[in-house]
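These notes are about the structure you will find just below.
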Amino acid sequence: MIKIYAPASIGNVGVGFDILGAAIIPINGTLLGDFVTIKLSTKFKLVNKGIFSNQLPQNTQHNIVWKCWLKFCKIIKKNISVSITLEKNMPIGSGLGSSACSIVATLVAMNEIFNKPLNSNELLLLMGEIEGEISGSIHYDNVSPSYLGGLQLILEDSEVISQKIPNFKNWFWIIAWPGINISTSESRKILPKKYTKEICIKNSRYLSGFIHASYSQQPNLAARLMQDFIAEPYRMKLLPNFLNAKEHIKKIGAISCGISGSGPAIFSVANNICIAEKISLWLKKNYLQNNTGFVHICFLDLKGARKIG
Ligand code: HSE
């Protein structure tokens with residue numbers, strides 16, 4: 001039997017649409033992500049548990065976990081029956097890499113139980129492929145950090161899909177999910193098909209500047225450059241009063257604030273705990289739309305997917 005945990009993540013990280021992703025872990029030591037337990041069995045079985053298991057499809061064959069199992073068996077050319085328990089702790093369509101958590105935890109667990117037939121590059125390719133089938137197009141900015149941890153720069157080079165880049169040790173990442181859901185594929189469809197040359201140049205400048213500031217450890221420059229010209233202008237209408245929230249959070253002292261992945265979760269960054277707590281409190285009072293929503297003050301999760309127990 002094997003049990004794997006895969007952490008939640010912030011796609012895009014403001015400045016890197018489909019190119020940057022960060023795995024997160026609450027600073028209070030709790031885990032924010034999905035768990036998958038797999039054991040060998042005589043026939044395929046899937047049990048759904050966890051806080052958000054009620055959001056999963058009734059039909060097992062519509063569950064991402066089933067898709068992962070099927071594709072994994074196809075690649076290793078063996079049809080092996082397993083019994084899987086999915087502990088679904090991340091809300092679906094939250095913008096916190098919920099589908100990535102389930103995909104990563106399942107594929108890592110499958111690979112472990114069969115003595116690693118796939119290397120990490122092959123596994124990541126498969127994760128991206130499955131994420132792409134669910135969301136409309138392949139993007140690695142959730143699966144990669146959830147699998148490998150930290151802040152990941154997506155390269156999609158012929159040999160290297162993604163690599164970890166330096167992060168800022170004293171940054172607190174405050175994430176808020178308002179308790180409503182937005183489908184990633186819908187949120188991708190509303191984006192323009194084309195962008196002007198000016199936007200392309202500006203986006204390249206901000207993203208390359210952010211990477212430079214990360215390597216040269218200039219936190220203030222990095223934070224100023226975390227701006228989104230690709231998705232935020234079009235997606236913000238899907239979020240509850242986003243601009244108002246952003247303005248308030250910045251006034252409290254956040255050094256950055258943006259949409260997490262395809263939303264409706266948002267993230268903000270603070271460089272001290274007092275400000276992080278004030279932001280968290282404000283978000284709890286003002287951004288949550290119902291009592292399923294949540295706010296967490298997080299660090300980056302540098303470990304990524306891991307064995308539990
Ligand atoms: N980069 C993806 C998007 C992340 O913004 O559509 C989805 O969570």
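Identifiers in the structure tokens: chain A, B, ... in order shown; residue index from 1 per chain; ligand index from 1 in order shown.
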
Quiz prompt | Residues of range 102-180 of chain A in strand (DSSP E), written as a PyMOL selection string | solution = chain A and resi 151-154+162-165+172-177

Self-check item: Within-6 Å residues of ligand 1, basis only C-alpha atoms and all ligand atoms, as a list in words
Solution: Gly11, Asn12, Phe17, Asp18, Gly95, Gly97, Asp141, Thr184, Arg188, Gly261 and Ser262 of chain A

Quiz item: Given the choices A:Tyr147, A:Phe72, A:Tyr140, A:Phe242, which gets closest to Gly33 in chain A if the distance is worked out from only C-alpha atoms?
Solution: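 Checking each candidate against Gly33 in chain A, we get A:Tyr147 as the closest.
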
Practice problem: Tell me which of A:Ile154, A:Ala231, A:Ile161, A:Leu20 sits closest to Lys189 in chain A, counting only C-alpha atoms. | Solution: A:Ala231

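Considering the residues A:Leu123, A:Ile38, A:Ile113, A:Val15 and counting only C-alpha atoms, Gly209 in chain A has its shortest atom-to-atom contact with A:Val15.
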
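Each of A:Asn121, A:Asn203, A:Ser98, A:Ser280 was compared to Leu56 in chain A using only C-alpha atoms, and A:Ser98 turns out to be the nearest.
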
Self-check item: Nearest-residue call for His212 in chain A, choices A:Asn286, A:Asn167, A:Gln227, A:Thr60, using only C-alpha atoms
Solution: A:Asn167

Considering only C-alpha atoms, give me a table of residues in range 203-275 of chain A that are at most 12 Å from range 75-94 of chain A, with the closest atom pair and distance in Å for each, as a Markdown table.
| residue | atom | partner | partner_atom | distance |
| --- | --- | --- | --- | --- |
| A:Leu238 | CA | A:Ser94 | CA | 11.9 |
| A:Leu239 | CA | A:Ser94 | CA | 10.9 |
| A:Ile259 | CA | A:Ser94 | CA | 10.7 |
| A:Ser260 | CA | A:Ser94 | CA | 8.6 |
| A:Gly261 | CA | A:Ser94 | CA | 8.5 |
| A:Ser262 | CA | A:Ser94 | CA | 7.8 |
| A:Gly263 | CA | A:Ser94 | CA | 6.0 |
| A:Pro264 | CA | A:Ser94 | CA | 5.8 |
| A:Ala265 | CA | A:Ser94 | CA | 5.8 |
| A:Ile266 | CA | A:Ser94 | CA | 9.4 |
| A:Phe267 | CA | A:Ser94 | CA | 11.9 |

Quiz item: Could you pull out the helix (DSSP H, G or I) residues of range 181-274 of chain A from DSSP and send them as a VMD selection string?
Solution: chain A and resid 184 to 189 197 to 215 219 to 225 232 to 238 242 to 252 273 to 274

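The closest residue to Lys3 in chain A, picked from A:Gln218, A:Thr106, A:Asn48, A:Asn119 and counting only C-alpha atoms, is A:Thr106.
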
Self-check item: For Leu125 in chain A: contacts at 12 Å, only C-alpha atoms, fewer than 3 positions along chain excluded, given as a ChimeraX atom specification
Solution: /A:71-72,75,103-104,107,118-122,128-132,138-140,143-144,147,154,156-162

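The two atoms in question, CA of Ile180 in chain A and CA of Thr292 in chain A, are spaced 8.5 Å apart.
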
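Coordinates place CA of Val269 in chain A at a distance of 13.5 Å from CA of Ala245 in chain A.
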
Self-check item: Point-to-point distance from CA of Gly50 in chain A to CA of Gly293 in chain A, Å rounded to tenths
Solution: 15.4 Å

Quiz prompt | Non-local contacts of Leu32 in chain A (8 Å; only C-alpha atoms; under 6 positions in same chain excluded) as a list in words | solution =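 Contacts, with the query itself left out: Pro7, Ala8, Ile24, Ile25, Pro26, Asn89 and Met90 of chain A.
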
Written selection (all heavy atoms) as a compact mmCIF listing (two decimals), in the first residue's frame:
# COMPACT_ATOMS: atom_id res chain seq x y z
N PRO A 7 0.61 18.74 -2.93
CA PRO A 7 0.17 20.06 -2.44
C PRO A 7 -0.58 20.92 -3.46
O PRO A 7 -0.40 20.76 -4.66
CB PRO A 7 1.49 20.74 -2.04
CG PRO A 7 2.53 20.11 -2.91
CD PRO A 7 2.08 18.69 -3.14
N ALA A 8 -1.37 21.85 -2.92
CA ALA A 8 -2.05 22.85 -3.74
C ALA A 8 -0.99 23.79 -4.35
O ALA A 8 0.16 23.82 -3.91
CB ALA A 8 -3.00 23.66 -2.86
N ILE A 24 2.30 25.37 -2.40
CA ILE A 24 2.14 26.09 -1.11
C ILE A 24 1.81 25.15 0.05
O ILE A 24 1.22 24.08 -0.15
CB ILE A 24 1.03 27.18 -1.22
CG1 ILE A 24 -0.24 26.61 -1.89
CG2 ILE A 24 1.55 28.39 -1.97
CD1 ILE A 24 -1.43 27.55 -1.84
N ILE A 25 2.18 25.60 1.25
CA ILE A 25 1.86 24.85 2.47
C ILE A 25 1.54 25.85 3.58
O ILE A 25 2.30 26.81 3.78
CB ILE A 25 3.03 23.91 2.85
CG1 ILE A 25 2.69 23.13 4.12
CG2 ILE A 25 4.36 24.66 3.03
CD1 ILE A 25 3.56 21.90 4.34
N PRO A 26 0.41 25.67 4.27
CA PRO A 26 0.07 26.61 5.35
C PRO A 26 1.17 26.67 6.41
O PRO A 26 1.78 25.64 6.74
CB PRO A 26 -1.23 26.03 5.93
CG PRO A 26 -1.84 25.28 4.79
CD PRO A 26 -0.66 24.70 4.04
N ASN A 89 -9.38 17.01 -0.79
CA ASN A 89 -9.43 18.12 0.17
C ASN A 89 -9.38 19.48 -0.49
O ASN A 89 -9.50 20.50 0.18
CB ASN A 89 -8.27 18.01 1.17
CG ASN A 89 -8.45 16.80 2.06
OD1 ASN A 89 -9.56 16.37 2.31
ND2 ASN A 89 -7.35 16.24 2.52
N MET A 90 -9.17 19.50 -1.80
CA MET A 90 -9.14 20.77 -2.52
C MET A 90 -10.43 20.95 -3.32
O MET A 90 -10.85 20.04 -4.04
CB MET A 90 -7.95 20.80 -3.49
CG MET A 90 -6.60 20.83 -2.80
SD MET A 90 -6.49 22.06 -1.50
CE MET A 90 -6.67 23.58 -2.44

Practice problem: Write out as a list in words the residues lying within 9 Å of Asn291 in chain A, counting only C-alpha atoms and excluding same-chain residues fewer than 2 positions away. | Solution: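 Selected residues are Pro178, Gly179, Leu288, Gln289, Gly293 and Phe294 of chain A.
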